[in-house]
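Below: model-v3.tsv (TSV, C-alpha atoms)
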chain	number	residue	atom	x	y	z
I	1250	MET	CA	-5.21	27.27	8.82
I	1251	ALA	CA	-5.98	25.44	5.55
I	1252	LEU	CA	-9.62	24.90	4.73
I	1253	ARG	CA	-10.74	21.31	4.46
I	1254	GLY	CA	-12.20	20.06	1.22
I	1255	ARG	CA	-10.51	22.63	-0.99
I	1256	PRO	CA	-9.95	21.51	-4.62
I	1257	ARG	CA	-6.71	19.68	-5.36
I	1258	SER	CA	-4.14	21.66	-7.32
I	1259	PHE	CA	-3.91	19.07	-10.11
I	1260	ASP	CA	-6.12	17.40	-12.68
I	1261	ARG	CA	-6.85	13.99	-11.19
I	1262	GLU	CA	-7.27	12.17	-14.51
I	1263	VAL	CA	-3.98	13.57	-15.77
I	1264	ALA	CA	-2.38	12.50	-12.48
I	1265	LEU	CA	-3.88	9.03	-12.81
I	1266	ASP	CA	-2.49	8.75	-16.32
I	1267	SER	CA	0.97	9.59	-14.92
I	1268	VAL	CA	0.58	7.02	-12.13
I	1269	MET	CA	-0.43	4.40	-14.70
I	1270	LYS	CA	2.70	5.09	-16.77
I	1271	VAL	CA	4.97	4.79	-13.72
I	1272	PHE	CA	3.50	1.40	-12.84
I	1273	TRP	CA	3.66	0.38	-16.49
I	1274	GLU	CA	7.34	1.23	-16.76
I	1275	LYS	CA	8.61	0.08	-13.36
I	1276	GLY	CA	6.14	-2.60	-12.31
I	1277	TYR	CA	4.27	-2.72	-9.02
I	1278	GLU	CA	7.13	-3.72	-6.77
I	1279	CYS	CA	9.76	-1.30	-8.08
I	1280	ALA	CA	7.51	1.77	-8.33
I	1281	GLN	CA	8.03	4.08	-5.34
I	1282	ILE	CA	6.06	7.00	-3.96
I	1283	ASN	CA	8.74	9.46	-5.04
I	1284	ASP	CA	8.32	8.19	-8.62
I	1285	PHE	CA	4.64	9.13	-8.53
I	1286	THR	CA	5.13	12.49	-6.87
I	1287	ALA	CA	7.85	13.41	-9.37
I	1288	ALA	CA	5.67	12.35	-12.31
I	1289	ILE	CA	2.64	14.28	-11.06
I	1290	GLY	CA	4.46	17.19	-9.43
I	1291	ILE	CA	2.89	16.90	-5.97
I	1292	THR	CA	4.01	16.09	-2.44
I	1293	PRO	CA	3.65	12.65	-0.77
I	1294	PRO	CA	0.80	13.88	1.50
I	1295	SER	CA	-1.10	15.08	-1.58
I	1296	PHE	CA	-0.52	11.72	-3.25
I	1297	TYR	CA	-1.92	9.82	-0.27
I	1298	ALA	CA	-4.85	12.23	-0.03
I	1299	ALA	CA	-5.67	11.60	-3.68
I	1300	PHE	CA	-5.06	7.85	-3.94
I	1301	GLY	CA	-5.00	6.47	-0.40
I	1302	SER	CA	-2.09	4.05	-0.81
I	1303	LYS	CA	0.23	2.58	-3.39
I	1304	GLU	CA	-1.99	-0.48	-3.79
I	1305	GLN	CA	-5.16	1.60	-4.16
I	1306	ALA	CA	-3.38	3.78	-6.72
I	1307	PHE	CA	-2.32	0.66	-8.60
I	1308	ARG	CA	-5.82	-0.78	-8.68
I	1309	GLU	CA	-7.20	2.51	-9.93
I	1310	ALA	CA	-4.43	2.78	-12.52
I	1311	VAL	CA	-5.17	-0.72	-13.81
I	1312	ASP	CA	-8.89	0.09	-14.04
I	1313	TYR	CA	-8.00	3.24	-15.95
I	1314	TYR	CA	-5.70	1.27	-18.24
I	1315	THR	CA	-8.31	-1.39	-19.02
I	1316	ALA	CA	-10.94	1.28	-19.67
I	1317	THR	CA	-8.68	3.11	-22.13
I	1318	ILE	CA	-5.52	1.74	-23.75
I	1319	GLY	CA	-5.77	-1.84	-22.52
I	1320	GLY	CA	-9.43	-2.24	-23.43
I	1321	ALA	CA	-9.04	-1.21	-27.06
I	1322	PRO	CA	-8.04	-4.68	-28.39
I	1323	LEU	CA	-11.12	-6.33	-26.88
I	1324	VAL	CA	-13.34	-3.57	-28.24
I	1325	ALA	CA	-11.86	-4.25	-31.69
I	1326	LEU	CA	-12.57	-7.96	-31.19
I	1327	ASP	CA	-16.20	-7.34	-30.24
I	1328	GLN	CA	-16.91	-4.85	-33.01
I	1329	ALA	CA	-15.58	-6.90	-35.93
I	1330	VAL	CA	-18.11	-8.65	-38.16
I	1331	THR	CA	-16.44	-12.07	-38.11
I	1332	ILE	CA	-14.25	-13.83	-35.56
I	1333	GLN	CA	-11.47	-14.02	-38.14
I	1334	GLN	CA	-11.52	-10.23	-38.55
I	1335	GLY	CA	-11.96	-9.77	-34.80
I	1336	ILE	CA	-8.98	-11.84	-33.70
I	1337	ARG	CA	-6.74	-10.09	-36.21
I	1338	ALA	CA	-8.03	-6.68	-35.12
I	1339	MET	CA	-7.49	-7.60	-31.45
I	1340	LEU	CA	-3.90	-8.69	-31.99
I	1341	GLU	CA	-2.96	-5.79	-34.23
I	1342	THR	CA	-4.62	-3.20	-32.00
I	1343	HIS	CA	-2.83	-4.70	-29.00
I	1344	ALA	CA	0.49	-4.49	-30.84
I	1345	ASP	CA	-0.13	-0.90	-31.92
I	1346	LYS	CA	-1.02	0.16	-28.38
I	1347	THR	CA	1.96	-1.53	-26.77
I	1348	TYR	CA	4.37	0.12	-29.19
I	1349	ALA	CA	2.74	3.52	-28.80
I	1350	CYS	CA	3.80	3.73	-25.13
I	1351	PRO	CA	7.50	4.16	-24.27
I	1352	ALA	CA	7.17	1.56	-21.51
I	1353	GLY	CA	6.18	-1.13	-24.02
I	1354	GLY	CA	4.15	-4.26	-23.47
I	1355	CYS	CA	0.85	-4.66	-21.65
I	1356	MET	CA	0.65	-3.02	-18.23
I	1357	VAL	CA	-1.35	-5.93	-16.76
I	1358	SER	CA	1.11	-8.52	-18.07
I	1359	VAL	CA	4.39	-6.82	-17.16
I	1360	SER	CA	3.62	-5.00	-13.91
I	1361	SER	CA	3.64	-8.10	-11.67
I	1362	ILE	CA	6.09	-10.53	-13.23
I	1363	GLN	CA	7.43	-10.95	-9.73
I	1364	CYS	CA	5.45	-10.28	-6.57
I	1365	LYS	CA	6.52	-10.76	-2.97
I	1366	PRO	CA	4.24	-12.89	-0.78
I	1367	GLU	CA	2.95	-9.79	1.02
I	1368	ASN	CA	1.70	-8.48	-2.34
I	1369	LYS	CA	-0.25	-11.61	-3.19
I	1370	GLN	CA	-3.50	-9.62	-3.30
I	1371	VAL	CA	-2.08	-7.50	-6.13
I	1372	LYS	CA	-1.15	-10.59	-8.09
I	1373	GLU	CA	-4.64	-12.02	-7.57
I	1374	PHE	CA	-6.19	-8.73	-8.68
I	1375	LEU	CA	-4.25	-8.86	-11.95
I	1376	LYS	CA	-5.14	-12.51	-12.40
I	1377	THR	CA	-8.80	-11.46	-12.25
I	1378	ILE	CA	-8.21	-8.83	-14.93
I	1379	ARG	CA	-6.55	-11.39	-17.19
I	1380	GLN	CA	-9.37	-13.86	-16.57
I	1381	ASP	CA	-11.87	-11.24	-17.68
I	1382	SER	CA	-9.93	-10.81	-20.95
I	1383	PHE	CA	-9.97	-14.57	-21.49
I	1384	ASP	CA	-13.71	-14.72	-20.79
I	1385	ARG	CA	-14.39	-12.02	-23.38
I	1386	ILE	CA	-12.35	-13.81	-26.02
I	1387	TYR	CA	-14.16	-17.08	-25.21
I	1388	ALA	CA	-17.56	-15.39	-25.42
I	1389	ARG	CA	-16.69	-13.90	-28.81
I	1390	CYS	CA	-15.58	-17.32	-30.09
I	1391	GLU	CA	-18.79	-18.84	-28.75
I	1392	ARG	CA	-20.80	-16.24	-30.64
I	1393	ALA	CA	-18.81	-17.04	-33.77
I	1394	ILE	CA	-20.18	-20.59	-33.83
I	1395	LYS	CA	-23.75	-19.24	-33.74
I	1396	ASP	CA	-22.87	-16.77	-36.50
I	1397	GLY	CA	-21.41	-19.48	-38.72
I	1398	ASP	CA	-17.85	-18.18	-38.48
I	1399	LEU	CA	-16.51	-21.30	-36.75
I	1400	PRO	CA	-17.43	-24.96	-37.23
I	1401	GLU	CA	-19.46	-26.81	-34.64
I	1402	GLY	CA	-17.21	-28.74	-32.30
I	1403	THR	CA	-14.46	-26.11	-32.25
I	1404	ASP	CA	-12.53	-26.33	-28.99
I	1405	LEU	CA	-13.39	-22.84	-27.76
I	1406	THR	CA	-11.39	-23.12	-24.56
I	1407	GLN	CA	-8.24	-24.05	-26.46
I	1408	MET	CA	-8.83	-21.29	-29.02
I	1409	ALA	CA	-9.46	-18.63	-26.37
I	1410	GLU	CA	-6.42	-19.77	-24.37
I	1411	PHE	CA	-4.22	-19.65	-27.47
I	1412	TYR	CA	-5.15	-16.13	-28.54
I	1413	HIS	CA	-5.17	-14.87	-24.96
I	1414	ALA	CA	-1.64	-16.23	-24.59
I	1415	MET	CA	-0.71	-14.50	-27.85
I	1416	LEU	CA	-1.65	-11.15	-26.32
I	1417	GLN	CA	0.77	-11.71	-23.48
I	1418	SER	CA	3.49	-13.01	-25.80
I	1419	LEU	CA	3.24	-9.92	-27.98
I	1420	SER	CA	3.57	-7.79	-24.85
I	1421	TYR	CA	6.84	-9.41	-23.86
I	1422	GLU	CA	8.13	-9.15	-27.42
I	1423	ALA	CA	7.47	-5.40	-27.34
I	1424	ARG	CA	8.95	-5.05	-23.84
I	1425	ASP	CA	12.11	-6.87	-24.95
I	1426	GLY	CA	12.66	-4.51	-27.87
I	1427	GLY	CA	11.35	-6.62	-30.75
I	1428	SER	CA	10.33	-4.58	-33.78
I	1429	ARG	CA	6.71	-3.91	-34.72
I	1430	GLU	CA	7.44	-5.64	-38.04
I	1431	ALA	CA	8.62	-8.77	-36.21
I	1432	VAL	CA	5.48	-8.75	-34.09
I	1433	GLN	CA	3.35	-8.48	-37.23
I	1434	SER	CA	5.01	-11.64	-38.52
I	1435	ILE	CA	4.04	-13.39	-35.29
I	1436	ILE	CA	0.45	-12.20	-35.73
I	1437	GLU	CA	0.39	-13.56	-39.29
I	1438	MET	CA	1.60	-16.92	-38.02
I	1439	ALA	CA	-1.03	-16.91	-35.26
I	1440	MET	CA	-3.77	-16.19	-37.78
I	1441	ARG	CA	-2.91	-19.40	-39.63
I	1442	ALA	CA	-4.33	-21.27	-36.64
I	1443	MET	CA	-7.72	-19.60	-37.14
I	1444	PRO	CA	-10.18	-21.74	-39.14
I	1445	LYS	CA	-11.65	-20.28	-42.31
I	1446	ARG	CA	-15.17	-18.90	-42.07
I	1447	VAL	CA	-17.75	-21.70	-42.41
I	1448	THR	CA	-20.56	-19.61	-43.89
I	1449	VAL	CA	-19.70	-17.47	-46.87
I	1450	ALA	CA	-21.53	-14.13	-46.83
I	1451	ALA	CA	-23.87	-13.54	-49.76

Can you give me the file's structure in the form of structure tokens?
Amino acid sequence: MALRGRPRSFDREVALDSVMKVFWEKGYECAQINDFTAAIGITPPSFYAAFGSKEQAFREAVDYYTATIGGAPLVALDQAVTIQQGIRAMLETHADKTYACPAGGCMVSVSSIQCKPENKQVKEFLKTIRQDSFDRIYARCERAIKDGDLPEGTDLTQMAEFYHAMLQSLSYEARDGGSREAVQSIIEMAMRAMPKRVTVAA
């Protein structure tokens, strides 16, 4: 008789990375349990013991994605000295990350393009993740006014919406097979919409 509570025979973080990539490539609806078990090399009972359900595995995979690959662009945005540098760093980091993965695009953007009514909670979950990204871009733009990077009266909502939409657009460009060079041209065009820095550093 098997002992309860014995260690799993796989590295859970490595398994989670594999689960993330399956969802990233196939999307939530098309990903099946046999896809996960094949990617990890475990049986369905072991998968359910580790992750509970497909939806729970997806939520955990998205959290893992946003804490690692998906979070890098926003980290680049926050760490840059000026908003002009930050927006460029965010877009270019996002592009680099999406092209580094064979699946292409942003996992959050492409994994629920279509969702059946019974999976509405998954769609709402991803909407919350995207809203958080928007809020962080908005907050960084807001800080830029205080820092003298943007002029008073800048429409921060419009600016945040524009650059947040650019992230998703770059994802679809990568997913559809557009070249990294083509995406860079799009980024350069997007940067033309960014106002010049108001205060010139001494």

Using all atoms listed in the file, which residues of region 1369-1439 of chain I come within 12 Å of region 1323-1343 of chain I, and what is the closest atom pair for each, with the distance in Å to one decimal? Give it as a tab-separated table, sorted by chain and residue number.
residue	atom	partner	partner_atom	distance
I:Arg1379	CA	I:Leu1323	CA	11.8
I:Asp1381	CA	I:Leu1323	CA	10.5
I:Ser1382	CA	I:Leu1323	CA	7.5
I:Phe1383	CA	I:Leu1323	CA	9.9
I:Asp1384	CA	I:Leu1323	CA	10.7
I:Arg1385	CA	I:Leu1323	CA	7.4
I:Ile1386	CA	I:Leu1323	CA	7.6
I:Tyr1387	CA	I:Ile1332	CA	10.8
I:Ala1388	CA	I:Asp1327	CA	9.5
I:Arg1389	CA	I:Asp1327	CA	6.7
I:Cys1390	CA	I:Ile1332	CA	6.6
I:Glu1391	CA	I:Ile1332	CA	9.6
I:Arg1392	CA	I:Ile1332	CA	8.5
I:Ala1393	CA	I:Ile1332	CA	5.9
I:Ile1394	CA	I:Ile1332	CA	9.2
I:Lys1395	CA	I:Ile1332	CA	11.1
I:Asp1396	CA	I:Thr1331	CA	8.1
I:Gly1397	CA	I:Thr1331	CA	8.9
I:Asp1398	CA	I:Thr1331	CA	6.3
I:Leu1399	CA	I:Ile1332	CA	7.9
I:Pro1400	CA	I:Ile1332	CA	11.7
I:Leu1405	CA	I:Ile1332	CA	11.9
I:Met1408	CA	I:Ile1336	CA	10.5
I:Ala1409	CA	I:Ile1336	CA	10.0
I:Phe1411	CA	I:Ile1336	CA	11.1
I:Tyr1412	CA	I:Ile1336	CA	7.7
I:His1413	CA	I:Leu1340	CA	9.4
I:Ala1414	CA	I:Leu1340	CA	10.8
I:Met1415	CA	I:Leu1340	CA	7.8
I:Leu1416	CA	I:Leu1340	CA	6.6
I:Gln1417	CA	I:His1343	CA	9.6
I:Ser1418	CA	I:Leu1340	CA	10.6
I:Leu1419	CA	I:His1343	CA	8.1
I:Ser1420	CA	I:His1343	CA	8.2
I:Tyr1421	CA	I:His1343	CA	11.9
I:Glu1422	CA	I:His1343	CA	11.9
I:Ala1423	CA	I:His1343	CA	10.5
I:Arg1429	CA	I:Glu1341	CA	9.9
I:Glu1430	CA	I:Glu1341	CA	11.1
I:Val1432	CA	I:Glu1341	CA	8.9
I:Gln1433	CA	I:Glu1341	CA	7.5
I:Ser1434	CA	I:Glu1341	CA	10.8
I:Ile1435	CA	I:Leu1340	CA	9.8
I:Ile1436	CA	I:Leu1340	CA	6.7
I:Glu1437	CA	I:Arg1337	CA	8.5
I:Met1438	CA	I:Arg1337	CA	10.9
I:Ala1439	CA	I:Arg1337	CA	8.9

So that I can see what lies close to Lys1346 (chain I), please list as a ChimeraX atom specification the residues with an atom at most 9 Å from it, counting only C-alpha atoms and leaving out residues fewer than 4 positions away in the same chain. /I:1318-1319,1321-1322,1341-1342,1350,1353-1355

Rounded to one decimal in Å, what is the spacing between CA of Val1263 (chain I) and CA of Arg1424 (chain I)?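 Rounded to one decimal, the two atoms are 24.1 Å apart.
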
Quick one: residues within 10 Å of Ser1302 (chain I), only C-alpha atoms counted, chain neighbours fewer than 6 positions away excluded, as a list in words?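 The residues satisfying every condition are Ile1282, Phe1296 and Arg1308 of chain I.
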
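Nearest to Gln1380 (chain I) of all the residues I:Asp1404, I:Asp1284, I:Glu1410, I:Asp1345 is I:Glu1410, counting all atoms listed in the file.
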
May I ask for the distance between CA of Leu1375 (chain I) and CA of Val1357 (chain I), given in Å to one decimal place? 6.3 Å

In Å, how far is it from CA of Gly1276 (chain I) to CA of Val1359 (chain I)?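 Separating CA of Gly1276 (chain I) from CA of Val1359 (chain I) is a distance of 6.7 Å.
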
Dump as a Markdown table the rows for residues of region 1273-1301 of chain I within 12 Å of region 1364-1374 of chain I: closest atom pair and distance in Å with one decimal, all atoms listed in the file counted, ordered by chain and rising residue number.
| residue | atom | partner | partner_atom | distance |
| --- | --- | --- | --- | --- |
| I:Gly1276 | CA | I:Cys1364 | CA | 9.6 |
| I:Tyr1277 | CA | I:Cys1364 | CA | 8.0 |
| I:Glu1278 | CA | I:Cys1364 | CA | 6.8 |
| I:Cys1279 | CA | I:Cys1364 | CA | 10.1 |

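Among the candidates I:Met1443, I:Glu1401, I:Met1356, I:Thr1377, the residue lying nearest to Lys1275 (chain I) is I:Met1356 (atoms considered: only C-alpha atoms).
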
In terms of the shortest atom-to-atom distance over all atoms listed in the file, which of I:Asp1260, I:Thr1403, I:Pro1294, I:Val1268 is closest to Ala1280 (chain I)?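 So, comparing all the options, the nearest one is I:Val1268.
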